[in-house]
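Trainee: Just passing along the structure, written as structure tokens.
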Amino acid sequence: ADNWALVGALRARPRRHVVTSSIEHPAILACIDALVAAGECEATIVGCDGSGVVSAADVAAAVRPGETALVSIMLANNEVGAIQDLAAIAAAAQARDPEVWIHTDAAQAVGKIDVDVQALDCDMLTIVGHKFGAPKGVAALYTRRALPNFLFGGGQEAGRRAGTEAVPNLVAMGEAAQIWLEQGPEIRRHSAAMRDRLRARLEASLAPSFRTAVNGPLAEPHLHHLALPNVLSFAVDGATAFDLLHRLRDRVAASASAACHTGSTSVSAVLRALDVPHDLALGTLRLSVGRHTTPADVDRAADIIAAAILDAPSA
């Protein structure tokens, strides 16, 4: 869906420039890299502040009137949970050029916060089913623009995207969306409570032996409203998240914001964009909760993680 939004916007009109941010999912950034390498577009990558928030003014400044085909800014970040003010970004970009199209990757937002395409004033929006309860392998691109064909063959999707639809998965995604419509406020409240409980128990368990921090809007009390309710980016100074995942094995599902490659460790592009100190970035775990997570689940996970850190051999 993200690829189609990018390629479609570029092929629909004789414009060759796109604007995006440094904290996008690889579905956006890798696609742009490929398009640039093929000579099909030029791109401007806008940064963010230390909380992961992208400035509407910076996006607008990057727009080239008459040249920019698309502005694509994710609605919420998958690593640090930063929610963007997409309506303000869209307004600022289109004040500079009313013909610029706006796309948002809302994969992490749908099913976590309220999402209204009219309020966001976006032309295209990506949703991903397994992020809010549907099976893996189903997604959708909302568009109010006529996009050129993306895949060729059959006449599915009014001839715009060939390929047999996985009807059971589509039905499941619709049902998952209906659950959010009916239970959204309670799901959001519960997720935030479980996230905050997880953070508090980890901090209490690791103090004073380790310095800890959270990345993203949760690091600043006045920015908590800009944080997804389900994501905790938790950093431990002196720990190595990659090694920690090995010790956790199948006891706790988590991901590291650093990867080990032939003896060297690289930090995620998102944490680099936030300018997170290197030692903290190396020790960052991304943890998520959801509507089925219980207080007992949170306490057990926190205790297992804390024990794995406290019992780790010294470097």
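So you can find residues: chains in the structure tokens are A, B, ... in the order shown, residues in each start at 1, and ligands are numbered from 1 in order.
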Find the spatial neighbours of Asn77 (chain A), counting only C-alpha atoms, within a cut-off of 12 Å - ignore same-chain residues fewer than 2 positions away - and output them as a PDB file with N, CA and C atoms, in the first residue's frame.

Mentor:
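Output below, filename result.pdb:
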ATOM      1  N   SER A  21       9.815  11.831   5.923  1.00  0.00           N
ATOM      2  CA  SER A  21      10.589  12.087   7.144  1.00  0.00           C
ATOM      3  C   SER A  21      11.621  10.996   7.370  1.00  0.00           C
ATOM      4  N   SER A  22      12.541  11.282   8.269  1.00  0.00           N
ATOM      5  CA  SER A  22      13.638  10.354   8.565  1.00  0.00           C
ATOM      6  C   SER A  22      13.213   9.207   9.455  1.00  0.00           C
ATOM      7  N   ILE A  23      11.966   9.213   9.955  1.00  0.00           N
ATOM      8  CA  ILE A  23      11.534   8.160  10.875  1.00  0.00           C
ATOM      9  C   ILE A  23      10.460   7.266  10.267  1.00  0.00           C
ATOM     10  N   GLU A  24      10.338   7.287   8.935  1.00  0.00           N
ATOM     11  CA  GLU A  24       9.338   6.457   8.273  1.00  0.00           C
ATOM     12  C   GLU A  24       9.716   4.972   8.308  1.00  0.00           C
ATOM     13  N   HIS A  25       8.717   4.139   8.085  1.00  0.00           N
ATOM     14  CA  HIS A  25       8.940   2.709   7.953  1.00  0.00           C
ATOM     15  C   HIS A  25       9.711   2.447   6.655  1.00  0.00           C
ATOM     16  N   PRO A  26      10.502   1.359   6.606  1.00  0.00           N
ATOM     17  CA  PRO A  26      11.202   1.034   5.352  1.00  0.00           C
ATOM     18  C   PRO A  26      10.284   0.871   4.147  1.00  0.00           C
ATOM     19  N   CYS A  48      13.290  15.198  12.557  1.00  0.00           N
ATOM     20  CA  CYS A  48      12.315  15.341  13.635  1.00  0.00           C
ATOM     21  C   CYS A  48      13.026  15.894  14.860  1.00  0.00           C
ATOM     22  N   SER A  51      11.860  14.179  20.393  1.00  0.00           N
ATOM     23  CA  SER A  51      10.728  13.346  20.808  1.00  0.00           C
ATOM     24  C   SER A  51      10.146  12.544  19.652  1.00  0.00           C
ATOM     25  N   GLY A  52      10.675  12.758  18.455  1.00  0.00           N
ATOM     26  CA  GLY A  52      10.164  12.057  17.285  1.00  0.00           C
ATOM     27  C   GLY A  52       9.043  12.779  16.582  1.00  0.00           C
ATOM     28  N   VAL A  53       8.875  14.065  16.864  1.00  0.00           N
ATOM     29  CA  VAL A  53       7.801  14.848  16.261  1.00  0.00           C
ATOM     30  C   VAL A  53       8.343  15.612  15.053  1.00  0.00           C
ATOM     31  N   VAL A  54       7.645  15.506  13.944  1.00  0.00           N
ATOM     32  CA  VAL A  54       8.029  16.180  12.701  1.00  0.00           C
ATOM     33  C   VAL A  54       7.342  17.534  12.638  1.00  0.00           C
ATOM     34  N   ILE A  73       4.022  11.390   5.379  1.00  0.00           N
ATOM     35  CA  ILE A  73       4.468  11.423   6.772  1.00  0.00           C
ATOM     36  C   ILE A  73       3.628  10.426   7.564  1.00  0.00           C
ATOM     37  N   MET A  74       4.287   9.521   8.283  1.00  0.00           N
ATOM     38  CA  MET A  74       3.542   8.515   9.029  1.00  0.00           C
ATOM     39  C   MET A  74       2.725   9.164  10.143  1.00  0.00           C
ATOM     40  N   LEU A  75       1.566   8.585  10.428  1.00  0.00           N
ATOM     41  CA  LEU A  75       0.695   9.140  11.462  1.00  0.00           C
ATOM     42  C   LEU A  75       1.230   8.855  12.857  1.00  0.00           C
ATOM     43  N   GLU A  79       8.432   2.658  16.392  1.00  0.00           N
ATOM     44  CA  GLU A  79       9.459   2.387  17.398  1.00  0.00           C
ATOM     45  C   GLU A  79       9.261   3.180  18.680  1.00  0.00           C
ATOM     46  N   VAL A  80       8.985   4.467  18.559  1.00  0.00           N
ATOM     47  CA  VAL A  80       8.908   5.304  19.762  1.00  0.00           C
ATOM     48  C   VAL A  80       7.498   5.816  20.026  1.00  0.00           C
ATOM     49  N   GLY A  81       6.564   5.504  19.142  1.00  0.00           N
ATOM     50  CA  GLY A  81       5.163   5.823  19.388  1.00  0.00           C
ATOM     51  C   GLY A  81       4.771   7.271  19.185  1.00  0.00           C
ATOM     52  N   ALA A  82       5.614   8.075  18.534  1.00  0.00           N
ATOM     53  CA  ALA A  82       5.305   9.491  18.349  1.00  0.00           C
ATOM     54  C   ALA A  82       4.167   9.679  17.344  1.00  0.00           C
ATOM     55  N   ILE A  83       3.135  10.413  17.759  1.00  0.00           N
ATOM     56  CA  ILE A  83       1.987  10.720  16.902  1.00  0.00           C
ATOM     57  C   ILE A  83       2.209  12.077  16.249  1.00  0.00           C
ATOM     58  N   GLN A  84       2.018  12.137  14.940  1.00  0.00           N
ATOM     59  CA  GLN A  84       2.237  13.388  14.219  1.00  0.00           C
ATOM     60  C   GLN A  84       0.933  14.165  14.055  1.00  0.00           C
ATOM     61  N   THR A 104      -0.396   9.314   4.350  1.00  0.00           N
ATOM     62  CA  THR A 104       0.107   8.948   5.673  1.00  0.00           C
ATOM     63  C   THR A 104       0.066   7.444   5.838  1.00  0.00           C
ATOM     64  N   ASP A 105       1.151   6.909   6.360  1.00  0.00           N
ATOM     65  CA  ASP A 105       1.212   5.507   6.746  1.00  0.00           C
ATOM     66  C   ASP A 105       0.625   5.428   8.155  1.00  0.00           C
ATOM     67  N   ALA A 106      -0.609   4.944   8.249  1.00  0.00           N
ATOM     68  CA  ALA A 106      -1.305   4.872   9.537  1.00  0.00           C
ATOM     69  C   ALA A 106      -1.306   3.461  10.100  1.00  0.00           C
ATOM     70  N   ALA A 107      -0.350   2.639   9.660  1.00  0.00           N
ATOM     71  CA  ALA A 107      -0.309   1.241  10.093  1.00  0.00           C
ATOM     72  C   ALA A 107      -0.295   1.118  11.614  1.00  0.00           C
ATOM     73  N   GLN A 108       0.480   1.974  12.269  1.00  0.00           N
ATOM     74  CA  GLN A 108       0.605   1.872  13.726  1.00  0.00           C
ATOM     75  C   GLN A 108      -0.493   2.622  14.469  1.00  0.00           C
ATOM     76  N   ALA A 109      -1.250   3.428  13.771  1.00  0.00           N
ATOM     77  CA  ALA A 109      -2.242   4.282  14.429  1.00  0.00           C
ATOM     78  C   ALA A 109      -3.634   3.662  14.475  1.00  0.00           C
ATOM     79  N   VAL A 110      -4.053   3.042  13.380  1.00  0.00           N
ATOM     80  CA  VAL A 110      -5.404   2.474  13.328  1.00  0.00           C
ATOM     81  C   VAL A 110      -5.525   1.361  14.374  1.00  0.00           C
ATOM     82  N   LYS A 112      -5.341   1.993  17.532  1.00  0.00           N
ATOM     83  CA  LYS A 112      -4.667   2.486  18.730  1.00  0.00           C
ATOM     84  C   LYS A 112      -5.176   3.870  19.136  1.00  0.00           C
ATOM     85  N   ASN A 215      12.292   6.580  25.288  1.00  0.00           N
ATOM     86  CA  ASN A 215      12.493   7.379  24.084  1.00  0.00           C
ATOM     87  C   ASN A 215      11.151   7.816  23.529  1.00  0.00           C
ATOM     88  N   GLY A 216      11.144   8.989  22.904  1.00  0.00           N
ATOM     89  CA  GLY A 216       9.916   9.478  22.294  1.00  0.00           C
ATOM     90  C   GLY A 216       9.145  10.413  23.201  1.00  0.00           C
ATOM     91  N   PRO A 217       7.898  10.677  22.895  1.00  0.00           N
ATOM     92  CA  PRO A 217       7.104  11.643  23.662  1.00  0.00           C
ATOM     93  C   PRO A 217       6.930  11.280  25.132  1.00  0.00           C
ATOM     94  N   LEU A 226       1.029  12.904  22.835  1.00  0.00           N
ATOM     95  CA  LEU A 226       1.538  12.611  21.497  1.00  0.00           C
ATOM     96  C   LEU A 226       2.124  11.207  21.407  1.00  0.00           C
ATOM     97  N   ALA A 227       1.900  10.373  22.426  1.00  0.00           N
ATOM     98  CA  ALA A 227       2.448   9.023  22.447  1.00  0.00           C
ATOM     99  C   ALA A 227       1.351   7.992  22.215  1.00  0.00           C
ATOM    100  N   LEU A 228       1.629   7.000  21.380  1.00  0.00           N
ATOM    101  CA  LEU A 228       0.708   5.886  21.233  1.00  0.00           C
ATOM    102  C   LEU A 228       0.500   5.213  22.584  1.00  0.00           C
ATOM    103  N   PRO A 229      -0.686   4.708  22.862  1.00  0.00           N
ATOM    104  CA  PRO A 229      -0.950   4.122  24.170  1.00  0.00           C
ATOM    105  C   PRO A 229      -0.326   2.753  24.379  1.00  0.00           C
ATOM    106  N   ASN A 230       0.151   2.118  23.317  1.00  0.00           N
ATOM    107  CA  ASN A 230       0.589   0.723  23.424  1.00  0.00           C
ATOM    108  C   ASN A 230       2.077   0.499  23.292  1.00  0.00           C
ATOM    109  N   VAL A 231       2.858   1.526  22.963  1.00  0.00           N
ATOM    110  CA  VAL A 231       4.276   1.348  22.646  1.00  0.00           C
ATOM    111  C   VAL A 231       5.156   1.923  23.759  1.00  0.00           C
ATOM    112  N   LEU A 232       6.150   1.135  24.166  1.00  0.00           N
ATOM    113  CA  LEU A 232       7.138   1.595  25.141  1.00  0.00           C
ATOM    114  C   LEU A 232       8.527   1.336  24.575  1.00  0.00           C
ATOM    115  N   SER A 233       9.263   2.407  24.322  1.00  0.00           N
ATOM    116  CA  SER A 233      10.653   2.308  23.894  1.00  0.00           C
ATOM    117  C   SER A 233      11.506   2.550  25.136  1.00  0.00           C
ATOM    118  N   VAL A 270      15.634   5.323  13.381  1.00  0.00           N
ATOM    119  CA  VAL A 270      14.707   6.165  14.152  1.00  0.00           C
ATOM    120  C   VAL A 270      15.403   6.752  15.374  1.00  0.00           C
ATOM    121  N   LEU A 271      16.123   5.926  16.127  1.00  0.00           N
ATOM    122  CA  LEU A 271      16.813   6.447  17.311  1.00  0.00           C
ATOM    123  C   LEU A 271      17.934   7.405  16.928  1.00  0.00           C
ATOM    124  N   LEU A 274      16.318  10.709  16.366  1.00  0.00           N
ATOM    125  CA  LEU A 274      15.970  11.367  17.630  1.00  0.00           C
ATOM    126  C   LEU A 274      17.206  11.823  18.395  1.00  0.00           C
ATOM    127  N   ARG A 286      12.020  -2.357  22.376  1.00  0.00           N
ATOM    128  CA  ARG A 286      10.673  -1.902  22.030  1.00  0.00           C
ATOM    129  C   ARG A 286       9.686  -2.941  22.522  1.00  0.00           C
TER     130      ARG A 286
END

Trainee: Any idea what's packed within 9 Å of Gly111 (chain A), counting only C-alpha atoms, ignoring anything in its chain fewer than 2 positions away? Could you give it as a ChimeraX atom specification?

Mentor: /A:107-109,113-115,131-133,176-177,179-181,184,187-188

Trainee: The selected residues should be written to file as a compact mmCIF listing (two decimals), in the first residue's frame (atoms: C-alpha atoms).

Mentor:
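Final output, selection36.txt:
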# COMPACT_ATOMS: atom_id res chain seq x y z
CA ALA A 107 -0.31 1.24 10.09
CA GLN A 108 0.61 1.87 13.73
CA ALA A 109 -2.24 4.28 14.43
CA ILE A 113 -5.99 6.04 18.34
CA ASP A 114 -8.92 7.62 16.51
CA VAL A 115 -8.22 8.00 12.79
CA LYS A 131 -1.66 -4.19 13.62
CA PHE A 132 -5.19 -4.05 15.03
CA GLY A 133 -6.33 -7.63 15.28
CA ALA A 176 -11.31 -5.85 13.81
CA ALA A 177 -12.19 -2.31 12.73
CA ILE A 179 -14.35 -3.86 17.46
CA TRP A 180 -12.29 -0.68 17.61
CA LEU A 181 -15.29 1.46 16.72
CA GLY A 184 -11.86 2.10 21.09
CA ILE A 187 -8.90 -0.24 24.47
CA ARG A 188 -6.89 2.98 24.44

Trainee: Please return, as a tab-separated table (two decimals) with N, CA, C and O atoms, in the first residue's frame, all residues of region 231-315 of chain A that DSSP assigns to strand (DSSP E or B) on the basis of the backbone.

Mentor:
chain	number	residue	atom	x	y	z
A	231	VAL	N	2.86	1.53	22.96
A	231	VAL	CA	4.28	1.35	22.65
A	231	VAL	C	5.16	1.92	23.76
A	231	VAL	O	4.94	3.05	24.21
A	232	LEU	N	6.15	1.14	24.17
A	232	LEU	CA	7.14	1.60	25.14
A	232	LEU	C	8.53	1.34	24.58
A	232	LEU	O	8.92	0.19	24.34
A	233	SER	N	9.26	2.41	24.32
A	233	SER	CA	10.65	2.31	23.89
A	233	SER	C	11.51	2.55	25.14
A	233	SER	O	11.67	3.69	25.58
A	234	PHE	N	12.04	1.48	25.69
A	234	PHE	CA	12.67	1.52	27.02
A	234	PHE	C	14.16	1.26	26.88
A	234	PHE	O	14.59	0.24	26.33
A	235	ALA	N	14.96	2.19	27.40
A	235	ALA	CA	16.41	2.12	27.25
A	235	ALA	C	17.08	1.87	28.60
A	235	ALA	O	16.68	2.42	29.62
A	236	VAL	N	18.10	1.02	28.56
A	236	VAL	CA	18.87	0.69	29.76
A	236	VAL	C	20.34	0.94	29.46
A	236	VAL	O	20.94	0.27	28.60
A	255	SER	N	11.48	-6.46	20.72
A	255	SER	CA	12.41	-6.23	19.62
A	255	SER	C	13.45	-5.22	20.07
A	255	SER	O	13.23	-4.43	21.00
A	256	ALA	N	14.60	-5.28	19.45
A	256	ALA	CA	15.71	-4.39	19.78
A	256	ALA	C	15.78	-3.27	18.77
A	256	ALA	O	15.46	-3.46	17.59
A	258	ALA	N	18.57	-1.98	18.00
A	258	ALA	CA	19.94	-2.07	17.50
A	258	ALA	C	20.12	-3.48	16.95
A	258	ALA	O	19.47	-4.42	17.39
A	259	ALA	N	20.97	-3.61	15.97
A	259	ALA	CA	21.21	-4.91	15.34
A	259	ALA	C	22.70	-5.18	15.29
A	259	ALA	O	23.52	-4.27	15.13
A	260	CYS	N	23.05	-6.46	15.45
A	260	CYS	CA	24.45	-6.86	15.45
A	260	CYS	C	24.82	-7.42	14.07
A	260	CYS	O	24.13	-8.30	13.55
A	261	HIS	N	25.87	-6.90	13.49
A	261	HIS	CA	26.32	-7.36	12.17
A	261	HIS	C	27.83	-7.63	12.24
A	261	HIS	O	28.63	-6.69	12.38
A	264	SER	N	29.93	-5.84	14.87
A	264	SER	CA	29.61	-4.44	15.17
A	264	SER	C	28.11	-4.29	15.35
A	264	SER	O	27.33	-5.08	14.84
A	265	THR	N	27.73	-3.27	16.11
A	265	THR	CA	26.32	-3.07	16.42
A	265	THR	C	25.87	-1.74	15.84
A	265	THR	O	26.51	-0.71	16.04
A	266	SER	N	24.74	-1.76	15.12
A	266	SER	CA	24.21	-0.55	14.53
A	266	SER	C	22.89	-0.19	15.20
A	266	SER	O	22.11	-1.06	15.59
A	267	VAL	N	22.67	1.10	15.35
A	267	VAL	CA	21.48	1.63	16.00
A	267	VAL	C	20.43	1.92	14.94
A	267	VAL	O	20.76	2.28	13.81
A	284	THR	N	18.18	-0.24	24.01
A	284	THR	CA	16.75	0.05	23.88
A	284	THR	C	15.97	-1.18	23.42
A	284	THR	O	16.30	-1.80	22.41
A	285	LEU	N	14.93	-1.49	24.18
A	285	LEU	CA	13.96	-2.51	23.81
A	285	LEU	C	12.66	-1.84	23.41
A	285	LEU	O	12.25	-0.88	24.04
A	286	ARG	N	12.02	-2.36	22.38
A	286	ARG	CA	10.67	-1.90	22.03
A	286	ARG	C	9.69	-2.94	22.52
A	286	ARG	O	9.75	-4.11	22.13
A	287	LEU	N	8.79	-2.49	23.40
A	287	LEU	CA	7.80	-3.37	24.00
A	287	LEU	C	6.41	-2.85	23.68
A	287	LEU	O	6.19	-1.64	23.61
A	288	SER	N	5.48	-3.76	23.46
A	288	SER	CA	4.11	-3.37	23.11
A	288	SER	C	3.11	-4.13	23.98
A	288	SER	O	3.34	-5.28	24.36

Trainee: Taking only C-alpha atoms into account, which of A:Leu86, A:Ala34, A:Ala27, A:Ala312 comes nearest Leu248 (chain A)?

Mentor: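 For Leu248 (chain A), the nearest of the candidates is A:Ala312.
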
Trainee: Please report the interatomic distance between CA of Gly129 (chain A) and CA of Met173 (chain A) in Å with one decimal.

Mentor: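 Straight-line distance from CA of Gly129 (chain A) to CA of Met173 (chain A) works out to 5.4 Å.
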
Trainee: Please indicate the distance in Å from CA of Gly159 (chain A) to CA of Trp4 (chain A), rounded to one decimal place.

Mentor: 14.0 Å

Trainee: Would you mind reading off the distance between CA of Asp303 (chain A) and CA of Glu203 (chain A), one decimal, in Å?

Mentor: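 Computing the Euclidean distance for CA of Asp303 (chain A) and CA of Glu203 (chain A) yields 10.8 Å.
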
Trainee: What residues in region 122-263 of chain A get the DSSP label helix (DSSP H, G or I)? Please answer as number ranges by chain.

Mentor: A: 129-131, 157-159, 167-206, 217-219, 221-226, 241-248

Trainee: For Asp2 (chain A), which residue among A:Ala308, A:Ala119, A:Ala95, A:Met124 is the nearest when counting only C-alpha atoms?

Mentor: A:Met124
